[in-house]
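Coordinates from structure-v4.txt are shown below (compact mmCIF, C-alpha atoms).
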# COMPACT_ATOMS: atom_id res chain seq x y z
CA MET X 6 205.62 239.15 18.12
CA ARG X 7 208.54 238.69 15.78
CA ILE X 8 207.45 240.24 12.47
CA LEU X 9 209.20 240.24 9.09
CA ILE X 10 207.96 242.92 6.70
CA VAL X 11 209.10 242.33 3.13
CA SER X 12 209.60 245.17 0.68
CA HIS X 13 210.40 244.37 -2.95
CA PRO X 14 212.09 247.75 -3.55
CA ALA X 15 215.35 248.51 -1.78
CA LEU X 16 214.81 250.07 1.65
CA GLU X 17 215.10 253.69 0.59
CA ARG X 18 212.46 256.27 1.45
CA GLU X 19 212.20 257.48 -2.15
CA ALA X 20 210.33 254.26 -3.02
CA GLY X 21 206.76 254.34 -1.73
CA ALA X 22 206.49 250.63 -0.86
CA ALA X 23 209.83 250.72 0.97
CA GLN X 24 208.85 253.88 2.82
CA THR X 25 205.65 252.21 4.02
CA ALA X 26 207.51 249.06 5.16
CA LEU X 27 210.05 251.12 7.09
CA ASP X 28 207.41 253.26 8.79
CA LEU X 29 205.21 250.28 9.69
CA ALA X 30 208.15 248.34 11.14
CA ALA X 31 209.27 251.34 13.19
CA ALA X 32 205.76 251.89 14.55
CA LEU X 33 205.40 248.21 15.49
CA ARG X 34 208.73 248.35 17.33
CA GLN X 35 207.34 251.29 19.31
CA ARG X 36 204.57 248.91 20.40
CA GLY X 37 207.12 246.41 21.69
CA HIS X 38 207.30 243.99 18.76
CA ASP X 39 210.50 242.66 17.21
CA ALA X 40 209.60 243.99 13.77
CA PHE X 41 211.88 244.88 10.91
CA ALA X 42 211.69 245.59 7.21
CA TRP X 43 213.80 243.63 4.75
CA SER X 44 214.27 243.69 0.98
CA PRO X 45 215.67 241.05 -1.40
CA GLU X 46 217.54 243.82 -3.19
CA PRO X 47 220.10 243.90 -4.64
CA LEU X 48 219.26 241.01 -6.93
CA PRO X 49 221.83 239.53 -9.35
CA ALA X 50 222.83 241.82 -12.21
CA ASP X 51 221.36 239.49 -14.84
CA THR X 52 217.84 239.71 -13.35
CA ARG X 53 215.24 240.48 -16.02
CA TRP X 54 211.47 240.92 -16.06
CA TRP X 55 210.89 237.22 -16.77
CA ASN X 56 212.88 235.94 -13.75
CA LEU X 57 212.40 238.88 -11.36
CA HIS X 58 209.57 237.45 -9.28
CA GLN X 59 211.15 234.01 -9.04
CA ARG X 60 214.42 235.48 -7.74
CA GLN X 61 212.58 237.68 -5.26
CA ARG X 62 210.65 234.66 -3.94
CA ARG X 63 213.76 232.50 -3.56
CA ALA X 64 215.66 235.29 -1.79
CA ILE X 65 212.78 235.88 0.64
CA GLU X 66 212.44 232.15 1.37
CA ARG X 67 216.18 231.84 2.04
CA PHE X 68 216.14 234.83 4.38
CA ALA X 69 213.06 233.62 6.29
CA ALA X 70 214.63 230.15 6.75
CA ALA X 71 217.97 231.57 7.89
CA GLU X 72 216.65 234.29 10.21
CA GLY X 73 213.42 232.67 11.45
CA PRO X 74 211.30 231.63 13.11
CA PHE X 75 208.84 234.49 12.70
CA ASP X 76 205.40 234.82 14.20
CA VAL X 77 204.27 236.92 11.23
CA ILE X 78 205.61 237.20 7.69
CA ASP X 79 204.21 240.23 5.88
CA SER X 80 204.74 239.81 2.14
CA PRO X 81 203.53 241.24 -1.16
CA PRO X 82 201.05 238.75 -2.66
CA VAL X 83 203.23 237.77 -5.61
CA SER X 84 205.91 236.49 -3.18
CA ALA X 85 203.54 234.71 -0.78
CA THR X 86 204.75 231.17 -1.47
CA ARG X 87 203.85 227.86 0.14
CA ARG X 88 207.15 227.81 2.04
CA LEU X 89 206.43 231.21 3.56
CA ALA X 90 202.90 230.12 4.48
CA ARG X 91 204.44 227.22 6.46
CA ALA X 92 207.00 229.48 8.16
CA GLY X 93 204.59 231.76 10.05
CA CYS X 94 201.29 233.59 9.94
CA LEU X 95 201.31 234.83 6.36
CA VAL X 96 199.96 238.36 5.98
CA VAL X 97 199.60 239.59 2.43
CA ARG X 98 199.67 243.39 2.47
CA ASP X 99 198.88 245.00 -0.84
CA VAL X 100 200.75 248.17 -1.73
CA GLN X 101 199.08 248.69 -5.10
CA PRO X 102 196.12 247.15 -6.98
CA GLU X 103 198.26 245.07 -9.31
CA LEU X 104 195.41 243.23 -11.03
CA LEU X 105 193.75 246.54 -11.87
CA TYR X 106 197.08 247.90 -13.10
CA LEU X 107 197.41 244.84 -15.35
CA ARG X 108 193.91 245.32 -16.75
CA HIS X 109 194.54 249.01 -17.38
CA ALA X 110 197.88 248.32 -19.07
CA LEU X 111 196.44 245.66 -21.36
CA ARG X 112 193.62 247.96 -22.43
CA SER X 113 196.16 250.64 -23.31
CA GLN X 114 198.40 248.16 -25.13
CA LEU X 115 195.51 246.89 -27.26
CA ARG X 116 195.59 250.25 -29.02
CA SER X 117 199.34 250.61 -29.37
CA LEU X 118 201.26 247.31 -29.51
CA PRO X 119 201.70 244.98 -32.49
CA LEU X 120 200.09 241.58 -32.02
CA PRO X 121 203.28 239.57 -31.20
CA ARG X 122 204.30 241.99 -28.42
CA LEU X 123 200.72 242.20 -27.17
CA ALA X 124 200.62 238.39 -26.91
CA LEU X 125 203.88 238.40 -24.94
CA HIS X 126 202.59 241.07 -22.56
CA ALA X 127 199.32 239.17 -22.12
CA LEU X 128 201.23 235.98 -21.27
CA GLY X 129 203.36 237.79 -18.70
CA GLY X 130 200.29 239.47 -17.26
CA GLY X 131 198.47 236.15 -17.00
CA LEU X 132 201.37 234.55 -15.10
CA LEU X 133 201.54 237.53 -12.73
CA ALA X 134 197.79 237.43 -12.16
CA GLY X 135 198.00 233.73 -11.31
CA ALA X 136 200.77 234.36 -8.78
CA LEU X 137 198.80 237.21 -7.17
CA VAL X 138 195.68 235.08 -6.75
CA ALA X 139 197.74 232.19 -5.35
CA GLY X 140 199.34 234.51 -2.80
CA TRP X 141 195.98 235.85 -1.65
CA ARG X 142 194.65 232.30 -1.36
CA ARG X 143 197.55 231.21 0.89
CA ALA X 144 197.36 234.23 3.19
CA ARG X 145 195.82 234.06 6.67
CA LEU X 146 195.06 237.78 6.37
CA ILE X 147 194.79 240.10 3.34
CA LEU X 148 195.40 243.77 4.12
CA CYS X 149 194.02 245.98 1.36
CA LEU X 150 195.38 249.49 1.00
CA GLY X 151 192.40 251.73 1.62
CA SER X 152 188.67 251.15 1.64
CA ARG X 153 188.35 251.41 -2.13
CA GLU X 154 190.62 248.42 -2.75
CA ARG X 155 188.95 246.41 0.01
CA ALA X 156 185.54 246.99 -1.55
CA TRP X 157 186.86 245.91 -4.95
CA MET X 158 188.48 242.78 -3.52
CA ALA X 159 185.24 241.85 -1.73
CA ARG X 160 183.35 242.11 -5.02
CA ALA X 161 185.97 240.30 -7.09
CA PHE X 162 186.77 237.53 -4.56
CA PRO X 163 183.77 237.17 -2.23
CA ARG X 164 185.01 233.83 -0.85
CA TRP X 165 187.93 235.68 0.79
CA GLU X 166 185.79 238.38 2.36
CA PRO X 167 186.24 236.93 5.90
CA LYS X 168 190.01 237.49 5.75
CA LEU X 169 189.92 240.88 4.01
CA ARG X 170 190.92 243.84 6.14
CA CYS X 171 192.01 247.39 5.42
CA TYR X 172 194.95 249.56 6.35
CA VAL X 173 195.94 253.14 5.53
CA ILE X 174 199.26 254.93 5.29
CA ALA X 175 200.46 258.27 6.59
CA LEU X 176 203.37 260.65 6.86
CA THR X 177 205.80 260.42 9.76
CA ASP X 178 205.47 262.83 12.67
CA ALA X 179 208.53 264.75 11.45
CA GLU X 180 207.17 265.06 7.91
CA ARG X 181 203.79 266.14 9.27
CA ALA X 182 205.38 268.88 11.38
CA THR X 183 207.35 270.17 8.39
CA LEU X 184 204.26 270.32 6.17
CA ALA X 185 202.23 271.96 8.95
CA GLU X 186 204.76 274.78 8.87
CA VAL X 187 204.40 275.02 5.08
CA ARG X 188 200.64 275.19 5.59
CA ARG X 189 200.94 277.88 8.26
CA ARG X 190 203.11 280.10 6.04
CA ARG X 191 200.99 279.70 2.93
CA ARG X 192 199.35 282.82 1.50
CA PRO X 193 196.94 283.03 -1.46
CA ARG X 194 198.15 284.73 -4.64
CA PRO X 195 196.08 287.21 -6.65
CA GLU X 196 193.89 285.39 -9.16
CA ARG X 197 195.15 287.53 -12.04
CA GLU X 198 198.63 286.01 -11.72
CA GLY X 199 197.42 282.57 -12.71
CA VAL X 200 197.52 279.34 -10.73
CA ARG X 201 200.68 277.31 -10.15
CA PHE X 202 199.57 273.67 -10.36
CA LEU X 203 201.65 270.73 -9.09
CA TRP X 204 201.35 267.13 -10.31
CA ILE X 205 203.51 264.40 -8.69
CA GLY X 206 203.94 260.85 -9.93
CA ARG X 207 205.51 258.33 -12.26
CA TRP X 208 204.79 258.88 -15.95
CA ALA X 209 202.55 255.85 -16.43
CA ALA X 210 199.19 255.49 -18.17
CA HIS X 211 197.32 254.46 -15.00
CA LYS X 212 198.41 257.74 -13.40
CA GLY X 213 196.01 259.50 -15.75
CA THR X 214 198.66 261.10 -17.93
CA ALA X 215 196.16 261.36 -20.81
CA ALA X 216 193.80 263.42 -18.64
CA LEU X 217 196.71 265.57 -17.48
CA LEU X 218 197.84 266.26 -21.05
CA GLY X 219 194.26 267.14 -21.95
CA LEU X 220 194.15 269.70 -19.14
CA LEU X 221 197.47 271.21 -20.22
CA ALA X 222 196.18 271.59 -23.77
CA ALA X 223 192.90 273.11 -22.60
CA ARG X 224 194.75 275.72 -20.50
CA ALA X 225 197.21 276.63 -23.27
CA GLY X 226 195.97 280.23 -23.45
CA SER X 227 195.78 280.85 -19.70
CA ALA X 228 198.26 282.38 -17.27
CA ASP X 229 198.41 279.11 -15.32
CA ARG X 230 201.70 277.27 -14.80
CA PHE X 231 202.21 273.54 -14.30
CA THR X 232 205.00 271.54 -12.64
CA LEU X 233 205.25 267.80 -13.29
CA ALA X 234 207.49 266.30 -10.60
CA GLY X 235 208.94 262.84 -10.01
CA CYS X 236 207.94 261.74 -13.52
CA GLY X 237 211.39 260.80 -14.85
CA PRO X 238 212.49 261.78 -18.37
CA ALA X 239 209.50 260.19 -20.12
CA ALA X 240 207.17 263.15 -19.62
CA GLU X 241 209.24 265.50 -21.75
CA ARG X 242 208.91 263.14 -24.71
CA GLU X 243 205.12 263.58 -24.70
CA LEU X 244 205.06 267.35 -24.17
CA PRO X 245 205.15 269.89 -27.00
CA ALA X 246 208.52 271.63 -27.00
CA GLU X 247 206.82 275.03 -26.97
CA TRP X 248 205.19 274.32 -23.60
CA LEU X 249 208.62 273.66 -22.10
CA ARG X 250 210.37 276.57 -23.83
CA SER X 251 207.76 279.05 -22.68
CA GLY X 252 208.04 277.92 -19.06
CA ARG X 253 204.33 277.22 -18.93
CA VAL X 254 205.15 273.58 -18.11
CA ARG X 255 208.15 272.65 -15.98
CA VAL X 256 209.38 269.07 -15.60
CA VAL X 257 211.24 268.00 -12.45
CA PRO X 258 212.24 264.42 -13.36
CA ALA X 259 213.29 263.49 -9.81
CA PHE X 260 213.61 265.10 -6.42
CA ARG X 261 214.78 264.08 -2.96
CA ARG X 262 212.27 263.93 -0.13
CA ALA X 263 214.13 266.77 1.57
CA GLU X 264 213.19 268.96 -1.40
CA LEU X 265 209.47 268.20 -1.18
CA PRO X 266 208.44 270.94 1.31
CA ALA X 267 209.87 273.69 -0.91
CA LEU X 268 208.22 272.16 -3.96
CA LEU X 269 204.84 272.16 -2.22
CA ALA X 270 205.29 275.68 -0.88
CA GLU X 271 205.86 277.24 -4.30
CA HIS X 272 202.55 276.01 -5.76
CA ASP X 273 198.92 277.03 -5.34
CA ALA X 274 197.04 273.80 -6.09
CA GLY X 275 197.65 270.10 -6.61
CA LEU X 276 196.49 267.74 -9.34
CA PHE X 277 195.75 264.03 -8.90
CA THR X 278 194.66 262.40 -12.15
CA SER X 279 195.03 258.64 -11.58
CA ASP X 280 192.67 256.19 -13.29
CA VAL X 281 193.84 253.43 -10.93
CA GLU X 282 195.93 254.01 -7.81
CA GLY X 283 197.07 252.18 -4.70
CA TRP X 284 196.94 255.11 -2.30
CA GLY X 285 198.83 258.13 -3.59
CA ILE X 286 200.84 259.47 -0.64
CA SER X 287 201.30 262.68 -2.64
CA LEU X 288 197.65 263.37 -1.81
CA ASN X 289 198.44 263.45 1.91
CA GLU X 290 201.50 265.57 1.25
CA MET X 291 199.71 268.16 -0.88
CA LEU X 292 196.67 268.36 1.38
CA GLU X 293 198.68 268.59 4.62
CA SER X 294 200.76 271.39 3.11
CA GLY X 295 197.58 273.43 2.61
CA LEU X 296 197.07 272.92 -1.12
CA PRO X 297 193.61 272.41 -2.55
CA VAL X 298 193.79 269.32 -4.75
CA PHE X 299 191.72 268.61 -7.85
CA ALA X 300 191.45 264.82 -7.89
CA THR X 301 189.89 261.93 -9.74
CA THR X 302 188.13 259.34 -7.57
CA ALA X 303 190.95 256.83 -7.16
CA GLY X 304 193.30 255.56 -4.48
CA ALA X 305 192.94 257.36 -1.15
CA VAL X 306 190.49 260.02 -2.32
CA GLU X 307 187.38 258.43 -0.76
CA ASP X 308 189.21 257.82 2.55
CA LEU X 309 190.54 261.38 2.72
CA ARG X 310 187.53 263.35 1.47
CA PRO X 311 185.66 263.37 4.83
CA TYR X 312 188.64 265.16 6.39
CA PHE X 313 189.20 267.60 3.51
CA PRO X 314 185.71 268.65 2.36
CA GLU X 315 187.00 272.02 1.14
CA ALA X 316 190.47 271.10 -0.12
CA LEU X 317 189.72 267.88 -2.01
CA ARG X 318 187.87 268.87 -5.16
CA PRO X 319 186.83 267.08 -8.36
CA PHE X 320 189.14 266.97 -11.37
CA PRO X 321 189.42 268.87 -13.68
CA PRO X 322 189.72 272.28 -12.02
CA PRO X 323 187.30 274.99 -13.16
CA GLU X 324 188.63 277.74 -15.39
CA ARG X 325 188.43 280.28 -12.57
CA PHE X 326 190.20 279.29 -9.37
CA ASP X 327 189.12 280.48 -5.92
CA PRO X 328 192.31 281.81 -4.30
CA ARG X 329 191.00 281.35 -0.75
CA LEU X 330 192.83 278.60 1.11
CA PRO X 331 191.01 275.59 2.63
CA ALA X 332 190.44 275.88 6.36
CA GLU X 333 190.25 272.28 7.62
CA ASP X 334 191.47 271.74 11.18
CA LEU X 335 193.30 268.40 10.97
CA GLU X 336 193.44 267.93 14.73
CA ALA X 337 189.80 268.75 15.41
CA ASN X 338 188.34 266.75 12.52
CA GLY X 339 190.07 263.48 13.49
CA TYR X 340 192.49 263.27 10.57
CA ALA X 341 195.63 263.47 12.73
CA ALA X 342 194.30 260.77 15.07
CA ARG X 343 193.60 258.29 12.28
CA PHE X 344 196.37 258.97 9.81
CA ASN X 345 199.43 258.47 11.98
CA TRP X 346 201.72 255.47 12.29
CA ALA X 347 200.98 254.79 15.96
CA ALA X 348 197.29 254.29 15.13
CA ILE X 349 198.11 252.29 11.99
CA ALA X 350 200.43 249.96 13.94
CA ARG X 351 197.80 249.45 16.66
CA SER X 352 195.21 248.50 14.04
CA TYR X 353 197.72 246.18 12.32
CA GLU X 354 198.48 244.44 15.60
CA GLU X 355 194.78 243.95 16.41
CA GLN X 356 194.02 242.50 12.99
CA VAL X 357 197.01 240.14 13.01
CA LEU X 358 196.24 238.90 16.52
CA ALA X 359 192.65 238.21 15.46
CA ALA X 360 193.94 236.23 12.44
CA LEU X 361 196.25 234.19 14.71
CA ARG X 362 193.28 233.22 16.90
CA GLU X 363 191.29 231.98 13.91
CA PRO X 364 191.51 228.21 13.22
CA ARG X 365 193.55 227.43 10.11

Whole structure, structure tokens version:
Amino acid sequence: MRILIVSHPALEREAGAAQTALDLAAALRQRGHDAFAWSPEPLPADTRWWNLHQRQRRAIERFAAAEGPFDVIDSPPVSATRRLARAGCLVVRDVQPELLYLRHALRSQLRSLPLPRLALHALGGGLLAGALVAGWRRARLILCLGSRERAWMARAFPRWEPKLRCYVIALTDAERATLAEVRRRRRPRPEREGVRFLWIGRWAAHKGTAALLGLLAARAGSADRFTLAGCGPAAERELPAEWLRSGRVRVVPAFRRAELPALLAEHDAGLFTSDVEGWGISLNEMLESGLPVFATTAGAVEDLRPYFPEALRPFPPPERFDPRLPAEDLEANGYAARFNWAAIARSYEEQVLAALREPR
């Protein structure tokens, strides 16, 4: 099959959606398909929030017309237009639960924004929601990221249940080997030295930043240390200056993927605080590196918990931390067989071929 996989972000591995598109395309090529990832970036310099989606759609349509035909066009739902639906089997592959993000954002803004700005945000959110629903309606196949999102979609849109399917994401073989070495070298630290916690993510309300700040405040008198990584400069604006001066909280605004193994190795436990999440590849990264992770029930947590019964623990962490390391065998328990790109590509191929056989 000739497969176009669209990524809104530029094709750089630092962006999660782009990373997934690149890895899926590479795995499908290994299965003999003519598959490649493509992004409409860079968009014109005068692109703003109000014309972003329109420009992305037009760029994708132009590319599909110029480079087609394609057997399969894999697009985010907001860009799944009528023209794309006519150009090939339209697969809408969600990379994040955007409707749930919108709902969460509006609830937060109700408490903080003046009425005129709130009305503007609500209008923009309504237009985006309409485009998402239209994209799902046009799709021959809807691939939800993880079982949690699929279950929500089946409840929210039962008429589409027959075309709802599920996919997962994973690290590459090279990344997995690197983190296996981090896991092998890991040693527990004495409990009296305090726990070095690691939190990774954008500084956004749906990432559970309020819960994280609550934990930091509750542990103010402890010997624990916290690193907030990949959060940009916004985190420092919400942290008391004393926490930063004392070194109790360290902010790493950005890091390259090559720096991730060292970052994981120098911590004792991970934190995952999201209220709403697409998947959270940082969960895989922290768990595969041998960290126990204290996590809210969001994103990939339900899909990963059967494979990490010791390491994946409820958030918040207890006051006293067990320094023993989790002992899951990722080969023996089936994790490595399911969460790898060869298996993901095989499942993708099977689901797309089944959709192609269905009458339109």

Give one line per residue of segment 248-277 of chain X that approaches segment 296-320 of chain X to at most 10 Å, naming the two atoms of the closest pair and their distance in Å to one decimal, counting only C-alpha atoms; sort by chain then ascending residue number and deliver it as JSON lines.
{"residue": "X:Leu269", "atom": "CA", "partner": "X:Leu296", "partner_atom": "CA", "distance": 7.9}
{"residue": "X:Ala270", "atom": "CA", "partner": "X:Leu296", "partner_atom": "CA", "distance": 8.7}
{"residue": "X:His272", "atom": "CA", "partner": "X:Leu296", "partner_atom": "CA", "distance": 7.8}
{"residue": "X:Asp273", "atom": "CA", "partner": "X:Leu296", "partner_atom": "CA", "distance": 6.2}
{"residue": "X:Ala274", "atom": "CA", "partner": "X:Leu296", "partner_atom": "CA", "distance": 5.0}
{"residue": "X:Gly275", "atom": "CA", "partner": "X:Val298", "partner_atom": "CA", "distance": 4.4}
{"residue": "X:Leu276", "atom": "CA", "partner": "X:Phe299", "partner_atom": "CA", "distance": 5.1}
{"residue": "X:Phe277", "atom": "CA", "partner": "X:Ala300", "partner_atom": "CA", "distance": 4.5}

Using C-alpha atoms, can you export the residues from the last selection as a short mmCIF file (atom, residue, chain, number, x, y, z; two decimals), keeping the file's coordinate frame?
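What follows is the written file out.cif:
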data_model
loop_
_atom_site.label_atom_id
_atom_site.label_comp_id
_atom_site.auth_asym_id
_atom_site.auth_seq_id
_atom_site.Cartn_x
_atom_site.Cartn_y
_atom_site.Cartn_z
CA LEU X 269 204.84 272.16 -2.22
CA ALA X 270 205.29 275.68 -0.88
CA HIS X 272 202.55 276.01 -5.76
CA ASP X 273 198.92 277.03 -5.34
CA ALA X 274 197.04 273.80 -6.09
CA GLY X 275 197.65 270.10 -6.61
CA LEU X 276 196.49 267.74 -9.34
CA PHE X 277 195.75 264.03 -8.90
#

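With all atoms listed in the file as the atoms that count, the residue of X:Thr177, X:His109, X:Gly295, X:Pro266 with the shortest distance to Ser279 of chain X is X:His109.
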
Write out, as a tab-separated table, each residue of segment 161-209 of chain X that has an atom at most 10 Å from segment 331-346 of chain X, together with the closest pair of atoms and their distance in Å to one decimal, counting only C-alpha atoms, rows going by chain and rising number.
residue	atom	partner	partner_atom	distance
X:Val173	CA	X:Phe344	CA	7.2
X:Ile174	CA	X:Phe344	CA	6.7
X:Ala175	CA	X:Phe344	CA	5.3
X:Leu176	CA	X:Asn345	CA	6.8
X:Thr177	CA	X:Trp346	CA	6.9
X:Asp178	CA	X:Asn345	CA	7.5
X:Arg181	CA	X:Asn345	CA	9.2
X:Ala185	CA	X:Leu335	CA	9.8

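Among the candidates X:Arg190, X:Ile147, X:Gln59, X:Arg253, the residue lying nearest to Ala159 of chain X is X:Ile147 (atoms considered: only C-alpha atoms).
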
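The residue that comes closest to Ala210 of chain X, out of X:Ala223, X:Cys149, X:Cys236, X:Leu132 and on the basis of all atoms listed in the file, is X:Cys236.
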
Requested in this report: Give me, please, the distance in Å between atom CA of Ser287 of chain X and atom CA of Ala234 of chain X, quoted to one decimal.
Outcome: 10.7 Å

**Report entry** Close residues, segment 8-14 of chain X itself excluded, 6 Å, only C-alpha atoms, min 6 positions apart in chain, as an NGL selection string
**Finding:** :X and (23 or 40-44 or 75 or 77-80)

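Atom CA of Tyr106 of chain X is found 28.8 Å from atom CA of Ser294 of chain X.
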
Report summary line: Atom pair atom CA of Gly130 of chain X + atom CA of Trp208 of chain X, distance 20.0 Å

**Report entry** Residue neighbourhood segment 63-73 of chain X, 7 Å, all atoms listed in the file, exclusion window fewer than 4 positions, as a PyMOL selection string
**Finding:** chain X and resi 45+59+88-89

**Report entry** Selection near Tyr353 of chain X, 10 Å with only C-alpha atoms, sequence-local residues under 4 positions removed, as a ChimeraX atom specification
**Finding:** /X:29,33,148,170-173,347-349,357-359

Query raised in the report: Contacts of Ala144 of chain X at 8 Å or less, counting only C-alpha atoms, minus same-chain residues fewer than 4 places along, as a ChimeraX atom specification?
Result: /X:85,90,94-97,140

Axis-aligned box for all listed atoms of segment 233-237 of chain X, 8 Å per side, centre and edges in Å to one decimal, as JSON:
{"center_x": 208.3, "center_y": 264.3, "center_z": -12.4, "size_x": 22.1, "size_y": 23.0, "size_z": 20.8}

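The shortest atom-to-atom distance to Ala20 of chain X, with only C-alpha atoms taken into account, belongs to X:Gly235 out of X:Gly235, X:Leu150, X:Leu48, X:Arg34.
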